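Asker: query-v3.txt is the file, holding compact mmCIF, C-alpha atoms:
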```
# COMPACT_ATOMS: atom_id res chain seq x y z
CA MET A 1 23.33 -10.83 -2.38
CA THR A 2 22.79 -7.32 -3.71
CA SER A 3 26.26 -6.27 -2.58
CA ILE A 4 27.72 -8.82 -5.03
CA ALA A 5 25.76 -7.88 -8.13
CA GLN A 6 24.91 -4.31 -9.03
CA GLY A 7 23.52 -3.56 -12.44
CA GLN A 8 20.33 -3.27 -14.45
CA PRO A 9 17.68 -5.74 -13.37
CA PHE A 10 16.38 -7.99 -16.16
CA HIS A 11 14.28 -11.06 -16.70
CA GLY A 12 14.80 -13.62 -19.45
CA GLU A 13 12.24 -15.85 -21.13
CA PHE A 14 12.66 -19.15 -22.93
CA THR A 15 9.78 -21.24 -24.22
CA SER A 16 9.94 -23.99 -26.84
CA THR A 17 8.23 -27.17 -27.94
CA ASP A 18 11.54 -28.65 -29.10
CA ALA A 19 14.84 -27.40 -27.68
CA THR A 20 16.88 -30.43 -28.72
CA GLU A 21 18.65 -29.23 -31.86
CA LEU A 22 18.58 -25.45 -31.75
CA SER A 23 21.36 -23.19 -32.96
CA GLU A 24 23.21 -20.98 -30.45
CA THR A 25 20.92 -18.04 -31.20
CA GLY A 26 17.84 -20.29 -30.99
CA GLN A 27 18.92 -21.53 -27.56
CA ARG A 28 19.21 -18.06 -26.06
CA PHE A 29 16.94 -16.65 -23.38
CA THR A 30 15.34 -13.44 -24.60
CA MET A 31 16.14 -10.81 -22.00
CA TYR A 32 14.23 -7.69 -21.04
CA ARG A 33 15.22 -4.74 -18.87
CA SER A 34 12.01 -4.02 -17.07
CA GLN A 35 12.54 -1.34 -14.46
CA GLY A 36 10.34 1.64 -15.31
CA ALA A 37 9.23 -0.01 -18.53
CA THR A 38 6.21 1.15 -20.43
CA VAL A 39 7.17 -1.22 -23.24
CA LYS A 40 9.33 -4.34 -23.15
CA THR A 41 12.11 -4.53 -25.70
CA ALA A 42 14.56 -7.42 -26.04
CA VAL A 43 18.12 -6.67 -24.93
CA THR A 44 21.12 -6.97 -27.24
CA LEU A 45 24.18 -7.65 -25.09
CA ALA A 46 27.30 -5.55 -25.64
CA ALA A 47 30.67 -7.29 -25.66
CA ASN A 48 31.54 -5.80 -22.26
CA GLU A 49 28.24 -6.69 -20.60
CA GLN A 50 27.81 -9.68 -18.33
CA VAL A 51 24.61 -11.48 -17.41
CA VAL A 52 24.36 -12.23 -13.68
CA ILE A 53 21.63 -14.72 -12.80
CA THR A 54 19.95 -14.71 -9.38
CA ASP A 55 16.69 -16.61 -9.96
CA ILE A 56 15.75 -19.60 -12.12
CA PHE A 57 12.37 -21.16 -12.81
CA LEU A 58 11.74 -23.93 -15.33
CA HIS A 59 9.05 -26.45 -16.03
CA CYS A 60 8.89 -29.46 -18.41
CA GLU A 61 5.84 -31.06 -19.99
CA LEU A 62 7.53 -34.45 -20.48
CA ALA A 63 10.43 -36.31 -18.89
CA MET A 64 13.69 -34.84 -20.17
CA THR A 65 17.19 -33.75 -19.31
CA VAL A 66 17.63 -29.99 -19.30
CA TRP A 67 20.82 -27.97 -19.58
CA VAL A 68 20.86 -24.26 -18.75
CA PHE A 69 24.25 -22.83 -19.60
CA ASP A 70 26.24 -19.88 -20.89
CA GLY A 71 29.13 -19.49 -23.29
CA ALA A 72 29.82 -18.72 -26.89
CA ASN A 73 28.35 -21.79 -28.59
CA ASN A 74 25.47 -24.26 -28.39
CA THR A 75 27.30 -26.75 -26.14
CA PRO A 76 27.73 -26.41 -22.38
CA ASN A 77 31.50 -26.50 -21.86
CA ASN A 78 33.41 -26.64 -18.58
CA GLY A 79 32.43 -23.81 -16.24
CA GLU A 80 29.34 -22.91 -18.27
CA SER A 81 26.73 -25.04 -16.51
CA ILE A 82 24.03 -23.04 -14.74
CA LEU A 83 21.75 -26.01 -14.15
CA ARG A 84 21.62 -29.58 -15.40
CA SER A 85 19.00 -32.09 -14.31
CA SER A 86 16.68 -34.88 -15.42
CA PHE A 87 13.07 -33.93 -14.82
CA ALA A 88 9.95 -36.08 -14.59
CA ILE A 89 6.81 -35.36 -16.60
CA ASN A 90 5.08 -32.09 -15.58
CA SER A 91 7.80 -31.15 -13.17
CA GLY A 92 10.40 -28.45 -12.77
CA CYS A 93 12.19 -26.32 -10.25
CA GLY A 94 12.31 -22.80 -8.96
CA PHE A 95 15.14 -21.47 -6.85
CA GLN A 96 17.06 -18.41 -5.80
CA LEU A 97 20.83 -18.13 -5.76
CA ASN A 98 22.52 -16.47 -2.79
CA VAL A 99 25.63 -16.17 -4.92
CA PRO A 100 24.55 -15.52 -8.50
CA HIS A 101 25.83 -17.22 -11.63
CA TYR A 102 28.09 -15.03 -13.78
CA CYS A 103 27.78 -15.88 -17.46
CA LEU A 104 30.81 -15.47 -19.69
CA GLN A 105 31.04 -11.77 -20.54
CA GLY A 106 29.16 -10.92 -23.72
CA THR A 107 27.41 -14.30 -23.95
CA TYR A 108 23.78 -15.18 -23.48
CA PRO A 109 22.29 -17.73 -21.10
CA LYS A 110 20.91 -20.64 -23.12
CA LEU A 111 18.84 -23.79 -22.75
CA LYS A 112 18.78 -27.19 -24.44
CA THR A 113 16.87 -30.38 -23.76
CA SER A 114 17.27 -34.08 -24.51
CA THR A 115 13.66 -34.58 -25.60
CA ALA A 116 11.36 -32.71 -27.95
CA ALA A 117 8.53 -31.39 -25.75
CA LYS A 118 7.32 -28.17 -24.20
CA ILE A 119 9.70 -26.42 -21.85
CA ASP A 120 9.20 -23.05 -20.21
CA ALA A 121 11.88 -21.20 -18.29
CA ILE A 122 12.35 -17.78 -16.75
CA ILE A 123 15.53 -16.34 -15.30
CA ARG A 124 16.10 -13.09 -13.41
CA GLY A 125 19.11 -11.09 -12.41
CA PHE A 126 21.30 -8.15 -13.41
CA ILE A 127 23.17 -7.05 -16.49
CA VAL A 128 26.46 -5.43 -15.49
CA LYS A 129 29.02 -3.51 -17.56
CA ASN A 130 32.66 -4.50 -16.98
CA MET B 1 16.46 -7.44 -2.93
CA THR B 2 14.67 -4.66 -1.08
CA GLY B 3 17.64 -2.42 -1.85
CA PHE B 4 16.27 -1.71 -5.33
CA ALA B 5 12.52 -1.94 -4.90
CA HIS B 6 11.06 0.89 -2.83
CA GLY B 7 7.36 1.46 -2.81
CA ARG B 8 4.15 0.51 -1.12
CA PRO B 9 3.94 -3.13 -0.07
CA PHE B 10 0.98 -5.02 -1.52
CA HIS B 11 -0.33 -8.50 -1.92
CA GLY B 12 -2.46 -9.75 -4.81
CA GLU B 13 -5.04 -12.51 -4.85
CA PHE B 14 -6.39 -14.64 -7.69
CA SER B 15 -8.74 -17.58 -7.27
CA SER B 16 -10.92 -19.17 -9.93
CA PRO B 17 -12.50 -22.51 -10.83
CA ASP B 18 -12.03 -21.72 -14.54
CA ALA B 19 -9.43 -19.22 -15.76
CA THR B 20 -9.46 -20.39 -19.36
CA THR B 21 -11.46 -17.79 -21.27
CA MET B 22 -11.53 -14.65 -19.17
CA ASP B 23 -11.29 -11.08 -20.36
CA GLU B 24 -8.34 -8.91 -19.30
CA GLU B 25 -10.09 -7.44 -16.26
CA SER B 26 -11.17 -10.83 -14.94
CA GLN B 27 -7.65 -12.24 -15.36
CA ARG B 28 -6.20 -9.60 -13.05
CA PHE B 29 -4.88 -10.24 -9.58
CA THR B 30 -6.81 -8.13 -7.10
CA LEU B 31 -4.18 -5.99 -5.38
CA TYR B 32 -4.33 -4.76 -1.77
CA LEU B 33 -2.13 -2.23 0.01
CA ASN B 34 -1.46 -3.66 3.42
CA LYS B 35 0.63 -1.31 5.47
CA GLY B 36 -1.44 0.14 8.30
CA ALA B 37 -4.63 -1.28 6.82
CA THR B 38 -7.73 -1.29 8.97
CA VAL B 39 -9.80 -2.41 6.02
CA LYS B 40 -8.65 -4.02 2.81
CA THR B 41 -9.76 -2.24 -0.32
CA ALA B 42 -8.81 -3.32 -3.82
CA LEU B 43 -6.33 -1.00 -5.46
CA ALA B 44 -6.82 0.80 -8.78
CA LEU B 45 -3.43 1.31 -10.46
CA ALA B 46 -2.54 4.75 -11.77
CA ALA B 47 -0.98 5.06 -15.24
CA ASN B 48 2.43 5.93 -13.73
CA GLU B 49 2.43 3.13 -11.16
CA GLN B 50 4.35 -0.10 -11.62
CA VAL B 51 3.74 -3.43 -9.91
CA VAL B 52 7.00 -5.01 -8.71
CA ILE B 53 6.59 -8.68 -7.76
CA THR B 54 8.89 -10.31 -5.20
CA ASP B 55 6.96 -13.42 -4.17
CA ILE B 56 4.71 -15.82 -6.08
CA TYR B 57 2.59 -18.70 -4.89
CA VAL B 58 0.42 -20.70 -7.29
CA HIS B 59 -1.40 -24.01 -6.99
CA VAL B 60 -3.67 -25.97 -9.35
CA LEU B 61 -6.26 -28.64 -8.69
CA ALA B 62 -6.08 -30.31 -12.12
CA ASN B 63 -3.38 -30.68 -14.80
CA ALA B 64 -3.01 -27.33 -16.52
CA ASN B 65 -0.73 -25.02 -18.42
CA VAL B 66 -0.57 -21.94 -16.23
CA GLU B 67 0.75 -18.55 -17.24
CA ILE B 68 1.19 -15.53 -14.98
CA PHE B 69 1.95 -12.40 -16.96
CA ASP B 70 1.57 -8.64 -17.21
CA GLY B 71 0.73 -6.22 -20.00
CA PRO B 72 -2.29 -4.38 -21.34
CA ASN B 73 -4.29 -7.29 -22.75
CA GLU B 74 -5.34 -10.89 -22.01
CA THR B 75 -2.43 -12.46 -23.90
CA ALA B 76 1.11 -12.93 -22.61
CA ASP B 77 3.33 -11.21 -25.17
CA ALA B 78 7.14 -11.28 -25.29
CA GLY B 79 8.66 -9.77 -22.17
CA GLU B 80 5.46 -10.10 -20.15
CA ARG B 81 5.92 -13.59 -18.74
CA ILE B 82 6.22 -13.87 -14.97
CA LEU B 83 5.79 -17.65 -14.64
CA LEU B 84 4.59 -20.42 -16.93
CA GLY B 85 4.53 -24.17 -16.81
CA SER B 86 2.56 -27.36 -17.39
CA PHE B 87 1.59 -28.28 -13.84
CA ALA B 88 0.44 -31.71 -12.67
CA ALA B 89 -2.75 -31.99 -10.63
CA ASN B 90 -2.50 -30.76 -7.04
CA THR B 91 0.89 -29.15 -7.50
CA GLY B 92 2.24 -25.65 -7.45
CA TYR B 93 5.16 -23.39 -6.69
CA ALA B 94 6.20 -20.89 -4.05
CA LEU B 95 8.94 -18.59 -5.33
CA THR B 96 10.80 -15.77 -3.68
CA LEU B 97 12.63 -13.68 -6.26
CA ASN B 98 16.03 -12.19 -5.55
CA VAL B 99 15.43 -9.85 -8.48
CA PRO B 100 11.75 -8.94 -8.67
CA HIS B 101 9.58 -8.93 -11.77
CA TYR B 102 8.71 -5.45 -13.03
CA CYS B 103 5.30 -5.43 -14.68
CA ARG B 104 4.71 -3.00 -17.49
CA GLN B 105 3.90 0.37 -16.02
CA GLY B 106 0.18 0.85 -15.42
CA THR B 107 -0.71 -2.78 -16.13
CA TYR B 108 -1.91 -5.52 -13.81
CA PRO B 109 -0.43 -8.96 -13.25
CA LYS B 110 -2.80 -11.63 -14.58
CA VAL B 111 -3.42 -15.38 -14.75
CA VAL B 112 -4.52 -17.60 -17.60
CA ASN B 113 -4.99 -21.34 -17.62
CA ASP B 114 -5.62 -23.81 -20.48
CA GLN B 115 -7.82 -26.20 -18.46
CA ALA B 116 -10.87 -25.53 -16.30
CA GLY B 117 -10.04 -26.38 -12.71
CA GLN B 118 -9.47 -24.53 -9.48
CA ILE B 119 -6.40 -22.31 -9.48
CA ASP B 120 -5.27 -20.23 -6.53
CA ALA B 121 -2.44 -17.74 -6.61
CA THR B 122 -1.02 -15.08 -4.34
CA ILE B 123 1.66 -12.55 -5.20
CA ARG B 124 3.49 -10.02 -3.04
CA GLY B 125 5.69 -7.05 -3.71
CA PHE B 126 5.72 -3.28 -4.04
CA ILE B 127 3.86 -0.68 -6.04
CA VAL B 128 6.16 2.09 -7.18
CA LYS B 129 5.43 5.46 -8.82
CA ASN B 130 7.66 6.34 -11.80
```
Go ahead and render the structure in this file as structure tokens.

Answerer:
Amino acid sequence: MTSIAQGQPFHGEFTSTDATELSETGQRFTMYRSQGATVKTAVTLAANEQVVITDIFLHCELAMTVWVFDGANNTPNNGESILRSSFAINSGCGFQLNVPHYCLQGTYPKLKTSTAAKIDAIIRGFIVKN
Amino acid sequence: MTGFAHGRPFHGEFSSPDATTMDEESQRFTLYLNKGATVKTALALAANEQVVITDIYVHVLANANVEIFDGPNETADAGERILLGSFAANTGYALTLNVPHYCRQGTYPKVVNDQAGQIDATIRGFIVKN
């Protein structure tokens, strides 16, 4: 896997009690470059940077459909789906991608849900410059 | 993954019947350096050492919101979340991370829980000097 994606390692956090009607900026994962960090500062993506996702963990408090996606707006369009699934109460998933997901260059990974309830998600991967 | 995390392999243990109201020191995983060990002695982190987590296992006995995090205090601040979720009773997760989690330099990974009930967690990874 590491031969495919070389860049700065990051992790991204998303936690919300209602991710149903958020704006594009509200839907974004907050990303942190952590290697060698004495403090953790949120990343602002440059237009030529691309988020490459290798690991996803999410967990829902209630039954809901969850979309994790990339792209320029608050709707998952064709080719922008990172994960979509209907989860039961107090359930979730955690998995590792052998081939990572490449977000659209310069756009943030995002999350929306069908139901207003607590959702927690963490992604990991690289930020590469193209 | 091991291509970008070089250091001393460790594993960390956390087990508690009530992780709801602990102080920062009690929330910490106890870390052990394993390579060539004839005895297992808990590790004290130096200020320039960083815990790099590659594997996480956590399991709860009762319904609980669980948070695994790093940082200098007993609260998970932005950028310090390693895993969080509202777990059902007798459930858990085992995650292997393609891109590891880099704790804040000189700080320990920790666990907090919103409900009293047995929680057991094990982490693995490397300790690197910066």

Asker: Which residues of chain A are close to chain B, meaning at most 10 Å apart when you count only C-alpha atoms, and how do they look as a ChimeraX atom specification?

Answerer: /A:1-3,6,9-15,30-42,53-62,89-98,100,118-126

Asker: Got a sec: who's within 9 Å of Ala117 in chain A, counting only C-alpha atoms, leaving out chain neighbours fewer than 5 positions off, as a PyMOL selection string?

Answerer: chain A and resi 16-20+60-64

Asker: Pick from B:Asn90, B:Thr41, B:Thr75, B:Gln115: nearest to Thr20 in chain B, with only C-alpha atoms counted?

Answerer: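 Selected residue with least distance to Thr20 in chain B: B:Gln115.
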
Asker: Record the distance separating CA of Ala88 in chain A and CA of Leu61 in chain B, expressed in Å with one decimal.

Answerer: 18.8 Å

Asker: Can you tell me, as a list of chain:residue names, what residues are no more than 12 Å from Ser15 in chain B when counting all atoms listed in the file, ignoring any on the same chain fewer than 3 positions away?

Answerer: B:Gly12, B:Asp18, B:Ala19, B:Ser26, B:Gln27, B:Arg28, B:Phe29, B:Thr30, B:Tyr57, B:Val58, B:His59, B:Val60, B:Leu61, B:Lys110, B:Val111, B:Val112, B:Asn113, B:Gly117, B:Gln118, B:Ile119, B:Asp120, B:Ala121, B:Thr122, B:Ile123

Asker: What does the structure give for the distance between CA of Gly7 in chain B and CA of Gly125 in chain B, in Å to one decimal?

Answerer: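 According to the coordinates, CA of Gly7 in chain B and CA of Gly125 in chain B are separated by 8.7 Å.
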
Asker: Could you please determine the separation between CA of Arg8 in chain B and CA of Phe126 in chain B in Å, to one decimal place?

Answerer: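 Taking CA of Arg8 in chain B and CA of Phe126 in chain B, their separation equals 5.0 Å.
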
Asker: At a cut-off of 9 Å, using all atoms listed in the file, what residues contact Pro9 in chain B? Leave out same-chain residues fewer than 2 positions from it and give the result as a list of chain:residue names.

Answerer: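 Once the adjacent positions are removed, what remains is B:His6, B:Gly7, B:His11, B:Tyr32, B:Leu33, B:Asn34, B:Lys35, B:Arg124, B:Gly125, B:Phe126, B:Ile127.
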
Asker: For range 66-76 of chain A, find every residue with an atom within 8 Å (counting all atoms listed in the file), except residues of its own chain fewer than 2 positions away, and show them as a list in words.

Answerer: Leu22, Ser23, Glu24, Gln27, Met64, Asn78, Glu80, Ser81, Ile82, Leu83, Arg84, Ser85, Ser86, Phe87, Cys103, Leu104, Thr107, Tyr108, Pro109, Lys110, Leu111, Lys112, Thr113 and Ser114 of chain A
